[in-house]
$ cat target-v7.cif   # mmCIF, N, CA and C atoms
data_run
#
loop_
_atom_site.label_atom_id
_atom_site.label_comp_id
_atom_site.auth_asym_id
_atom_site.auth_seq_id
_atom_site.Cartn_x
_atom_site.Cartn_y
_atom_site.Cartn_z
N MET X 762 55.32 -62.65 -15.26
CA MET X 762 56.50 -61.81 -15.12
C MET X 762 56.12 -60.36 -15.35
N GLU X 763 56.55 -59.52 -14.46
CA GLU X 763 56.22 -58.10 -14.57
C GLU X 763 57.19 -57.39 -15.49
N SER X 764 56.70 -56.34 -16.14
CA SER X 764 57.58 -55.54 -16.98
C SER X 764 58.43 -54.64 -16.09
N ALA X 765 59.51 -54.11 -16.65
CA ALA X 765 60.40 -53.22 -15.89
C ALA X 765 59.63 -51.98 -15.42
N LYS X 766 58.72 -51.48 -16.25
CA LYS X 766 57.94 -50.28 -15.88
C LYS X 766 57.02 -50.58 -14.69
N SER X 767 56.36 -51.72 -14.71
CA SER X 767 55.48 -52.09 -13.60
C SER X 767 56.29 -52.30 -12.32
N LEU X 768 57.44 -52.92 -12.46
CA LEU X 768 58.30 -53.16 -11.31
C LEU X 768 58.78 -51.84 -10.70
N CYS X 769 59.21 -50.90 -11.55
CA CYS X 769 59.64 -49.58 -11.07
C CYS X 769 58.51 -48.88 -10.33
N LYS X 770 57.31 -48.94 -10.88
CA LYS X 770 56.16 -48.28 -10.25
C LYS X 770 55.87 -48.88 -8.88
N LYS X 771 55.95 -50.20 -8.75
CA LYS X 771 55.71 -50.85 -7.46
C LYS X 771 56.81 -50.51 -6.45
N LEU X 772 58.07 -50.57 -6.89
CA LEU X 772 59.18 -50.29 -5.99
C LEU X 772 59.17 -48.83 -5.52
N LEU X 773 58.71 -47.93 -6.38
CA LEU X 773 58.66 -46.51 -6.02
C LEU X 773 57.41 -46.16 -5.22
N ASN X 774 56.45 -47.08 -5.15
CA ASN X 774 55.20 -46.84 -4.44
C ASN X 774 54.43 -45.67 -5.06
N PHE X 775 54.41 -45.61 -6.39
CA PHE X 775 53.75 -44.51 -7.10
C PHE X 775 52.30 -44.85 -7.39
N LYS X 776 51.45 -43.86 -7.17
CA LYS X 776 50.04 -43.97 -7.52
C LYS X 776 49.73 -42.85 -8.52
N ASN X 777 48.75 -43.05 -9.37
CA ASN X 777 48.34 -42.05 -10.36
C ASN X 777 49.50 -41.62 -11.25
N THR X 778 50.39 -42.56 -11.55
CA THR X 778 51.59 -42.26 -12.31
C THR X 778 51.81 -43.31 -13.39
N VAL X 779 52.36 -42.88 -14.52
CA VAL X 779 52.72 -43.77 -15.60
C VAL X 779 54.24 -43.70 -15.76
N ILE X 780 54.90 -44.85 -15.77
CA ILE X 780 56.34 -44.92 -16.02
C ILE X 780 56.51 -45.05 -17.54
N THR X 781 57.24 -44.11 -18.14
CA THR X 781 57.40 -44.13 -19.60
C THR X 781 58.74 -44.68 -20.05
N GLY X 782 59.71 -44.78 -19.14
CA GLY X 782 61.01 -45.33 -19.52
C GLY X 782 61.98 -45.26 -18.36
N CYS X 783 63.16 -45.85 -18.56
CA CYS X 783 64.21 -45.76 -17.55
C CYS X 783 65.55 -46.05 -18.20
N GLU X 784 66.59 -45.52 -17.58
CA GLU X 784 67.93 -45.76 -18.09
C GLU X 784 68.90 -45.83 -16.92
N PHE X 785 69.90 -46.66 -17.06
CA PHE X 785 70.96 -46.77 -16.07
C PHE X 785 72.16 -46.00 -16.59
N TYR X 786 72.88 -45.35 -15.67
CA TYR X 786 74.14 -44.73 -16.04
C TYR X 786 75.04 -44.65 -14.82
N THR X 787 76.32 -44.45 -15.06
CA THR X 787 77.32 -44.31 -14.00
C THR X 787 77.92 -42.92 -14.11
N ASP X 788 77.99 -42.19 -12.99
CA ASP X 788 78.52 -40.83 -13.03
C ASP X 788 80.04 -40.83 -12.93
N ALA X 789 80.63 -39.63 -12.89
CA ALA X 789 82.09 -39.48 -12.87
C ALA X 789 82.73 -40.10 -11.63
N ASP X 790 81.96 -40.22 -10.55
CA ASP X 790 82.47 -40.82 -9.31
C ASP X 790 82.20 -42.32 -9.23
N SER X 791 81.81 -42.93 -10.34
CA SER X 791 81.50 -44.36 -10.44
C SER X 791 80.30 -44.77 -9.59
N VAL X 792 79.36 -43.85 -9.40
CA VAL X 792 78.12 -44.15 -8.68
C VAL X 792 77.06 -44.53 -9.70
N ASN X 793 76.37 -45.64 -9.46
CA ASN X 793 75.31 -46.10 -10.36
C ASN X 793 74.02 -45.33 -10.10
N HIS X 794 73.35 -44.95 -11.18
CA HIS X 794 72.08 -44.24 -11.12
C HIS X 794 71.07 -44.96 -12.00
N ILE X 795 69.81 -44.85 -11.61
CA ILE X 795 68.72 -45.20 -12.52
C ILE X 795 67.86 -43.95 -12.63
N ARG X 796 67.65 -43.51 -13.86
CA ARG X 796 66.78 -42.35 -14.10
C ARG X 796 65.51 -42.86 -14.73
N ILE X 797 64.41 -42.64 -14.04
CA ILE X 797 63.11 -43.15 -14.46
C ILE X 797 62.28 -41.99 -14.99
N GLN X 798 61.82 -42.12 -16.23
CA GLN X 798 60.95 -41.11 -16.82
C GLN X 798 59.51 -41.47 -16.42
N ALA X 799 58.83 -40.51 -15.83
CA ALA X 799 57.47 -40.73 -15.35
C ALA X 799 56.60 -39.54 -15.71
N ARG X 800 55.32 -39.74 -15.61
CA ARG X 800 54.35 -38.64 -15.78
C ARG X 800 53.09 -38.99 -15.01
N PRO X 801 52.34 -37.97 -14.58
CA PRO X 801 51.05 -38.26 -13.94
C PRO X 801 50.12 -38.94 -14.94
N SER X 802 49.23 -39.79 -14.46
CA SER X 802 48.24 -40.40 -15.35
C SER X 802 47.37 -39.30 -15.96
N LYS X 803 46.77 -39.58 -17.08
CA LYS X 803 45.98 -38.56 -17.80
C LYS X 803 44.95 -37.89 -16.89
N TRP X 804 44.31 -38.67 -16.04
CA TRP X 804 43.27 -38.13 -15.16
C TRP X 804 43.84 -37.13 -14.16
N HIS X 805 45.10 -37.26 -13.78
CA HIS X 805 45.70 -36.40 -12.74
C HIS X 805 46.73 -35.42 -13.32
N GLU X 806 46.79 -35.33 -14.64
CA GLU X 806 47.83 -34.54 -15.30
C GLU X 806 47.74 -33.03 -15.05
N ASN X 807 46.57 -32.50 -14.95
CA ASN X 807 46.41 -31.05 -14.82
C ASN X 807 45.75 -30.66 -13.50
N GLU X 808 46.17 -31.27 -12.41
CA GLU X 808 45.59 -30.95 -11.10
C GLU X 808 46.35 -29.81 -10.44
N CYS X 809 45.60 -28.96 -9.73
CA CYS X 809 46.21 -27.90 -8.93
C CYS X 809 46.90 -28.55 -7.74
N LEU X 810 48.09 -28.09 -7.42
CA LEU X 810 48.83 -28.72 -6.31
C LEU X 810 48.26 -28.35 -4.95
N TYR X 811 47.40 -27.35 -4.88
CA TYR X 811 46.81 -26.96 -3.60
C TYR X 811 45.43 -27.58 -3.37
N CYS X 812 44.54 -27.47 -4.36
CA CYS X 812 43.17 -27.95 -4.16
C CYS X 812 42.86 -29.23 -4.94
N HIS X 813 43.78 -29.70 -5.77
CA HIS X 813 43.65 -30.92 -6.57
C HIS X 813 42.47 -30.87 -7.55
N ARG X 814 42.05 -29.68 -7.90
CA ARG X 814 41.01 -29.50 -8.91
C ARG X 814 41.65 -29.63 -10.30
N ARG X 815 40.97 -30.27 -11.23
CA ARG X 815 41.46 -30.34 -12.62
C ARG X 815 41.29 -28.98 -13.26
N CYS X 816 42.35 -28.47 -13.87
CA CYS X 816 42.36 -27.13 -14.42
C CYS X 816 42.90 -27.13 -15.84
N PRO X 817 42.58 -26.09 -16.61
CA PRO X 817 43.13 -26.01 -17.96
C PRO X 817 44.62 -25.70 -17.94
N GLY X 818 45.33 -26.17 -18.95
CA GLY X 818 46.75 -25.89 -19.05
C GLY X 818 46.99 -24.41 -19.31
N TYR X 819 48.09 -23.90 -18.82
CA TYR X 819 48.45 -22.49 -19.03
C TYR X 819 49.50 -22.35 -20.11
N ASP X 820 50.48 -23.23 -20.13
CA ASP X 820 51.52 -23.18 -21.15
C ASP X 820 52.01 -24.59 -21.44
N SER X 821 52.95 -24.69 -22.36
CA SER X 821 53.48 -26.01 -22.72
C SER X 821 54.52 -26.46 -21.69
N ARG X 822 54.93 -27.67 -21.81
CA ARG X 822 55.92 -28.22 -20.89
C ARG X 822 57.23 -27.46 -21.00
N CYS X 823 57.94 -27.37 -19.86
CA CYS X 823 59.24 -26.71 -19.87
C CYS X 823 60.22 -27.55 -20.70
N ARG X 824 61.22 -26.90 -21.24
CA ARG X 824 62.18 -27.61 -22.09
C ARG X 824 63.07 -28.56 -21.31
N LYS X 825 63.50 -28.12 -20.14
CA LYS X 825 64.41 -28.94 -19.34
C LYS X 825 63.61 -29.71 -18.29
N PRO X 826 63.72 -31.04 -18.29
CA PRO X 826 62.96 -31.81 -17.30
C PRO X 826 63.48 -31.59 -15.88
N ARG X 827 62.59 -31.71 -14.93
CA ARG X 827 62.96 -31.66 -13.51
C ARG X 827 63.33 -33.05 -13.05
N ILE X 828 64.19 -33.11 -12.04
CA ILE X 828 64.63 -34.39 -11.48
C ILE X 828 64.29 -34.40 -9.99
N TRP X 829 63.65 -35.48 -9.55
CA TRP X 829 63.36 -35.70 -8.12
C TRP X 829 64.20 -36.88 -7.66
N ARG X 830 64.74 -36.80 -6.47
CA ARG X 830 65.55 -37.88 -5.91
C ARG X 830 64.63 -38.83 -5.16
N GLY X 831 64.76 -40.11 -5.44
CA GLY X 831 63.99 -41.13 -4.74
C GLY X 831 64.87 -41.87 -3.75
N LEU X 832 64.27 -42.78 -3.01
CA LEU X 832 65.04 -43.63 -2.10
C LEU X 832 65.94 -44.54 -2.92
N ASP X 833 67.17 -44.71 -2.47
CA ASP X 833 68.13 -45.56 -3.19
C ASP X 833 67.65 -47.00 -3.23
N TRP X 834 68.03 -47.70 -4.29
CA TRP X 834 67.79 -49.14 -4.40
C TRP X 834 69.15 -49.80 -4.21
N GLY X 835 69.47 -50.13 -3.00
CA GLY X 835 70.78 -50.71 -2.70
C GLY X 835 71.86 -49.66 -2.94
N THR X 836 72.78 -49.94 -3.85
CA THR X 836 73.85 -49.00 -4.15
C THR X 836 73.53 -48.13 -5.37
N THR X 837 72.30 -48.17 -5.85
CA THR X 837 71.90 -47.41 -7.03
C THR X 837 71.04 -46.21 -6.62
N LEU X 838 71.45 -45.01 -7.03
CA LEU X 838 70.68 -43.80 -6.74
C LEU X 838 69.50 -43.73 -7.71
N VAL X 839 68.34 -43.38 -7.19
CA VAL X 839 67.12 -43.33 -7.99
C VAL X 839 66.75 -41.88 -8.26
N GLU X 840 66.47 -41.57 -9.53
CA GLU X 840 66.04 -40.24 -9.95
C GLU X 840 64.78 -40.37 -10.79
N ILE X 841 63.85 -39.45 -10.58
CA ILE X 841 62.61 -39.43 -11.35
C ILE X 841 62.64 -38.18 -12.22
N GLU X 842 62.35 -38.33 -13.50
CA GLU X 842 62.44 -37.23 -14.45
C GLU X 842 61.07 -36.95 -15.07
N TYR X 843 60.72 -35.67 -15.16
CA TYR X 843 59.45 -35.28 -15.78
C TYR X 843 59.52 -33.83 -16.22
N GLN X 844 58.95 -33.52 -17.36
CA GLN X 844 58.87 -32.14 -17.83
C GLN X 844 57.58 -31.53 -17.29
N THR X 845 57.72 -30.64 -16.32
CA THR X 845 56.56 -30.04 -15.69
C THR X 845 55.91 -28.99 -16.60
N HIS X 846 54.72 -28.59 -16.23
CA HIS X 846 54.01 -27.53 -16.94
C HIS X 846 53.14 -26.78 -15.94
N ARG X 847 52.64 -25.63 -16.37
CA ARG X 847 51.80 -24.84 -15.48
C ARG X 847 50.34 -24.96 -15.89
N ILE X 848 49.48 -24.77 -14.91
CA ILE X 848 48.03 -24.78 -15.13
C ILE X 848 47.47 -23.48 -14.55
N GLU X 849 46.22 -23.19 -14.91
CA GLU X 849 45.57 -21.99 -14.39
C GLU X 849 44.38 -22.41 -13.55
N CYS X 850 44.55 -22.32 -12.23
CA CYS X 850 43.50 -22.68 -11.28
C CYS X 850 42.64 -21.45 -11.03
N PRO X 851 41.31 -21.58 -11.07
CA PRO X 851 40.45 -20.43 -10.81
C PRO X 851 40.64 -19.86 -9.40
N GLU X 852 41.05 -20.71 -8.45
CA GLU X 852 41.23 -20.26 -7.07
C GLU X 852 42.66 -19.81 -6.76
N HIS X 853 43.66 -20.49 -7.31
CA HIS X 853 45.05 -20.24 -6.95
C HIS X 853 45.88 -19.57 -8.03
N GLY X 854 45.29 -19.32 -9.18
CA GLY X 854 46.01 -18.66 -10.27
C GLY X 854 46.90 -19.62 -11.03
N VAL X 855 47.96 -19.09 -11.64
CA VAL X 855 48.87 -19.89 -12.43
C VAL X 855 49.88 -20.56 -11.51
N VAL X 856 49.87 -21.89 -11.49
CA VAL X 856 50.78 -22.68 -10.65
C VAL X 856 51.30 -23.87 -11.45
N VAL X 857 52.39 -24.45 -10.99
CA VAL X 857 52.89 -25.69 -11.60
C VAL X 857 51.90 -26.80 -11.25
N ALA X 858 51.60 -27.64 -12.22
CA ALA X 858 50.66 -28.74 -12.00
C ALA X 858 51.21 -29.68 -10.93
N ASP X 859 50.30 -30.31 -10.19
CA ASP X 859 50.67 -31.23 -9.12
C ASP X 859 51.41 -32.44 -9.67
N ILE X 860 52.39 -32.89 -8.92
CA ILE X 860 53.15 -34.09 -9.25
C ILE X 860 52.78 -35.13 -8.20
N PRO X 861 52.18 -36.28 -8.58
CA PRO X 861 51.70 -37.23 -7.57
C PRO X 861 52.78 -37.84 -6.69
N TRP X 862 54.02 -37.86 -7.14
CA TRP X 862 55.07 -38.54 -6.37
C TRP X 862 55.85 -37.61 -5.45
N ALA X 863 55.55 -36.30 -5.46
CA ALA X 863 56.33 -35.37 -4.63
C ALA X 863 55.42 -34.33 -3.98
N TYR X 864 55.84 -33.86 -2.82
CA TYR X 864 55.14 -32.75 -2.17
C TYR X 864 55.48 -31.46 -2.89
N PRO X 865 54.58 -30.47 -2.87
CA PRO X 865 54.85 -29.20 -3.56
C PRO X 865 56.17 -28.58 -3.13
N GLY X 866 56.98 -28.22 -4.11
CA GLY X 866 58.24 -27.54 -3.85
C GLY X 866 59.40 -28.45 -3.47
N SER X 867 59.15 -29.74 -3.33
CA SER X 867 60.22 -30.66 -2.91
C SER X 867 60.97 -31.19 -4.12
N GLY X 868 62.24 -31.44 -3.96
CA GLY X 868 63.05 -32.07 -4.99
C GLY X 868 63.23 -33.55 -4.74
N PHE X 869 62.41 -34.10 -3.84
CA PHE X 869 62.50 -35.51 -3.45
C PHE X 869 61.13 -36.15 -3.57
N THR X 870 61.09 -37.48 -3.69
CA THR X 870 59.81 -38.18 -3.72
C THR X 870 59.18 -38.14 -2.33
N LYS X 871 57.89 -38.41 -2.26
CA LYS X 871 57.20 -38.42 -0.97
C LYS X 871 57.81 -39.45 -0.03
N ASP X 872 58.12 -40.64 -0.54
CA ASP X 872 58.72 -41.67 0.31
C ASP X 872 60.08 -41.22 0.86
N PHE X 873 60.87 -40.52 0.05
CA PHE X 873 62.16 -40.00 0.51
C PHE X 873 61.95 -39.00 1.63
N ASP X 874 61.03 -38.04 1.42
CA ASP X 874 60.74 -37.02 2.44
C ASP X 874 60.25 -37.66 3.74
N LEU X 875 59.34 -38.63 3.63
CA LEU X 875 58.79 -39.27 4.83
C LEU X 875 59.86 -40.08 5.57
N THR X 876 60.74 -40.73 4.83
CA THR X 876 61.82 -41.49 5.46
C THR X 876 62.79 -40.56 6.18
N ALA X 877 63.14 -39.45 5.53
CA ALA X 877 64.05 -38.47 6.16
C ALA X 877 63.42 -37.88 7.42
N ALA X 878 62.11 -37.60 7.37
CA ALA X 878 61.42 -37.06 8.54
C ALA X 878 61.39 -38.10 9.67
N TRP X 879 61.15 -39.36 9.33
CA TRP X 879 61.13 -40.42 10.34
C TRP X 879 62.50 -40.52 11.02
N PHE X 880 63.57 -40.51 10.21
CA PHE X 880 64.92 -40.56 10.79
C PHE X 880 65.17 -39.36 11.70
N ALA X 881 64.77 -38.18 11.28
CA ALA X 881 65.00 -36.98 12.08
C ALA X 881 64.32 -37.08 13.44
N VAL X 882 63.08 -37.54 13.45
CA VAL X 882 62.34 -37.67 14.71
C VAL X 882 62.99 -38.71 15.62
N HIS X 883 63.34 -39.86 15.05
CA HIS X 883 63.91 -40.93 15.88
C HIS X 883 65.33 -40.63 16.33
N LEU X 884 66.11 -39.94 15.53
CA LEU X 884 67.45 -39.54 15.97
C LEU X 884 67.37 -38.50 17.07
N ARG X 885 66.40 -37.59 16.95
CA ARG X 885 66.20 -36.59 17.99
C ARG X 885 65.79 -37.26 19.30
N ASP X 886 64.89 -38.25 19.22
CA ASP X 886 64.48 -38.98 20.42
C ASP X 886 65.66 -39.69 21.07
N GLU X 887 66.56 -40.26 20.25
CA GLU X 887 67.75 -40.92 20.79
C GLU X 887 68.64 -39.91 21.51
N GLN X 888 68.77 -38.73 20.96
CA GLN X 888 69.59 -37.68 21.59
C GLN X 888 69.00 -37.26 22.91
N CYS X 889 67.67 -37.16 22.98
CA CYS X 889 67.00 -36.71 24.22
C CYS X 889 67.13 -37.76 25.32
N GLN X 890 67.19 -39.03 24.95
CA GLN X 890 67.28 -40.09 25.95
C GLN X 890 68.69 -40.22 26.53
N ASN X 891 69.68 -39.76 25.79
CA ASN X 891 71.08 -39.89 26.26
C ASN X 891 71.52 -38.71 27.07
#
$ encode --input "target-v7.cif" --output "structure tokens"
Amino acid sequence: MESAKSLCKKLLNFKNTVITGCEFYTDADSVNHIRIQARPSKWHENECLYCHRRCPGYDSRCRKPRIWRGLDWGTTLVEIEYQTHRIECPEHGVVVADIPWAYPGSGFTKDFDLTAAWFAVHLRDEQCQN
């Protein structure tokens, strides 16, 4: 039997990531959410988001965690939470450390972005054929 953390990691298709916790809640509109606390694995924790070089930390983690939206699990909205920090890359200067589950600057997981892009291309193709 798999643990909830292992199951979340598999369902999210996360690599180089550690799931540290999760919680369910319902918002004011009665929508179910799961908020998953995650972090990059120790080996990938201080990578530059451009060149993926391991770099020294520049400052401590921000006080307020960032939230990334993942693909929904049925009727449950998925959110990934992590307190980001900055690193100092010799080539790129001070930047936010790379997050393995998201593209730089995105507020969504990689799978969410790729799914949205796939839909956009296929919907456009449908429009062109009609």
$ resolve_selection --input "target-v7.cif" --expression "the PyMOL selection byres ((chain X and resi 852-861) around 8)" --output "ChimeraX atom specification"
/X:775-778,800-802,805-813,819,845-851,862-865,870-871
$ atom_distance --input "target-v7.cif" --atom1 "atom C of Thr837 in chain X" --atom2 "atom N of Arg824 in chain X"
26.1 Å
$ residues_around --input "target-v7.cif" --residues "Lys766 in chain X" --least-positions-apart "5" --cutoff "9 Å" --atoms "only C-alpha atoms" --output "count of residues only"
7
$ closest_residue --input "target-v7.cif" --among "X:Cys816, X:Asp872, X:Ala789, X:Ser764" --to "Gly831 in chain X" --atoms "only N, CA and C atoms"
X:Asp872
$ atom_distance --input "target-v7.cif" --atom1 "CA of Asp790 in chain X" --atom2 "atom C of Glu840 in chain X"
17.8 Å
$ residues_around --input "target-v7.cif" --residues "Arg796 in chain X" --least-positions-apart "6" --cutoff "9 Å" --atoms "only C-alpha atoms" --output "tab-separated table (two decimals) with N, CA and C atoms, in the coordinates of the input"
chain	number	residue	atom	x	y	z
X	782	GLY	N	59.71	-44.78	-19.14
X	782	GLY	CA	61.01	-45.33	-19.52
X	782	GLY	C	61.98	-45.26	-18.36
X	783	CYS	N	63.16	-45.85	-18.56
X	783	CYS	CA	64.21	-45.76	-17.55
X	783	CYS	C	65.55	-46.05	-18.20
X	784	GLU	N	66.59	-45.52	-17.58
X	784	GLU	CA	67.93	-45.76	-18.09
X	784	GLU	C	68.90	-45.83	-16.92
X	785	PHE	N	69.90	-46.66	-17.06
X	785	PHE	CA	70.96	-46.77	-16.07
X	785	PHE	C	72.16	-46.00	-16.59
X	786	TYR	N	72.88	-45.35	-15.67
X	786	TYR	CA	74.14	-44.73	-16.04
X	786	TYR	C	75.04	-44.65	-14.82
X	828	ILE	N	64.19	-33.11	-12.04
X	828	ILE	CA	64.63	-34.39	-11.48
X	828	ILE	C	64.29	-34.40	-9.99
X	838	LEU	N	71.45	-45.01	-7.03
X	838	LEU	CA	70.68	-43.80	-6.74
X	838	LEU	C	69.50	-43.73	-7.71
X	839	VAL	N	68.34	-43.38	-7.19
X	839	VAL	CA	67.12	-43.33	-7.99
X	839	VAL	C	66.75	-41.88	-8.26
X	840	GLU	N	66.47	-41.57	-9.53
X	840	GLU	CA	66.04	-40.24	-9.95
X	840	GLU	C	64.78	-40.37	-10.79
X	841	ILE	N	63.85	-39.45	-10.58
X	841	ILE	CA	62.61	-39.43	-11.35
X	841	ILE	C	62.64	-38.18	-12.22
X	842	GLU	N	62.35	-38.33	-13.50
X	842	GLU	CA	62.44	-37.23	-14.45
X	842	GLU	C	61.07	-36.95	-15.07
$ atom_distance --input "target-v7.cif" --atom1 "atom C of Lys825 in chain X" --atom2 "CA of Ile795 in chain X"
17.3 Å
$ select_by_dssp --input "target-v7.cif" --residues "chain X" --states "helix (DSSP H, G or I)" --output "PyMOL selection string"
chain X and resi 765-773+803-805+871-890
$ select_by_dssp --input "target-v7.cif" --residues "chain X" --states "strand (DSSP E or B)" --output "ChimeraX atom specification"
/X:778-787,793-801,808-809,815,818,827-834,837-843,847-850,854-858,869
$ residues_around --input "target-v7.cif" --residues "Tyr843 in chain X" --least-positions-apart "4" --cutoff "6 Å" --atoms "only C-alpha atoms" --output "PDB file with N, CA and C atoms, keeping the file's coordinate frame"
ATOM      1  N   ALA X 799      58.830 -40.510 -15.830  1.00  0.00           N
ATOM      2  CA  ALA X 799      57.470 -40.730 -15.350  1.00  0.00           C
ATOM      3  C   ALA X 799      56.600 -39.540 -15.710  1.00  0.00           C
ATOM      4  N   PRO X 826      63.720 -31.040 -18.290  1.00  0.00           N
ATOM      5  CA  PRO X 826      62.960 -31.810 -17.300  1.00  0.00           C
ATOM      6  C   PRO X 826      63.480 -31.590 -15.880  1.00  0.00           C
ATOM      7  N   ARG X 827      62.590 -31.710 -14.930  1.00  0.00           N
ATOM      8  CA  ARG X 827      62.960 -31.660 -13.510  1.00  0.00           C
ATOM      9  C   ARG X 827      63.330 -33.050 -13.050  1.00  0.00           C
TER      10      ARG X 827
END
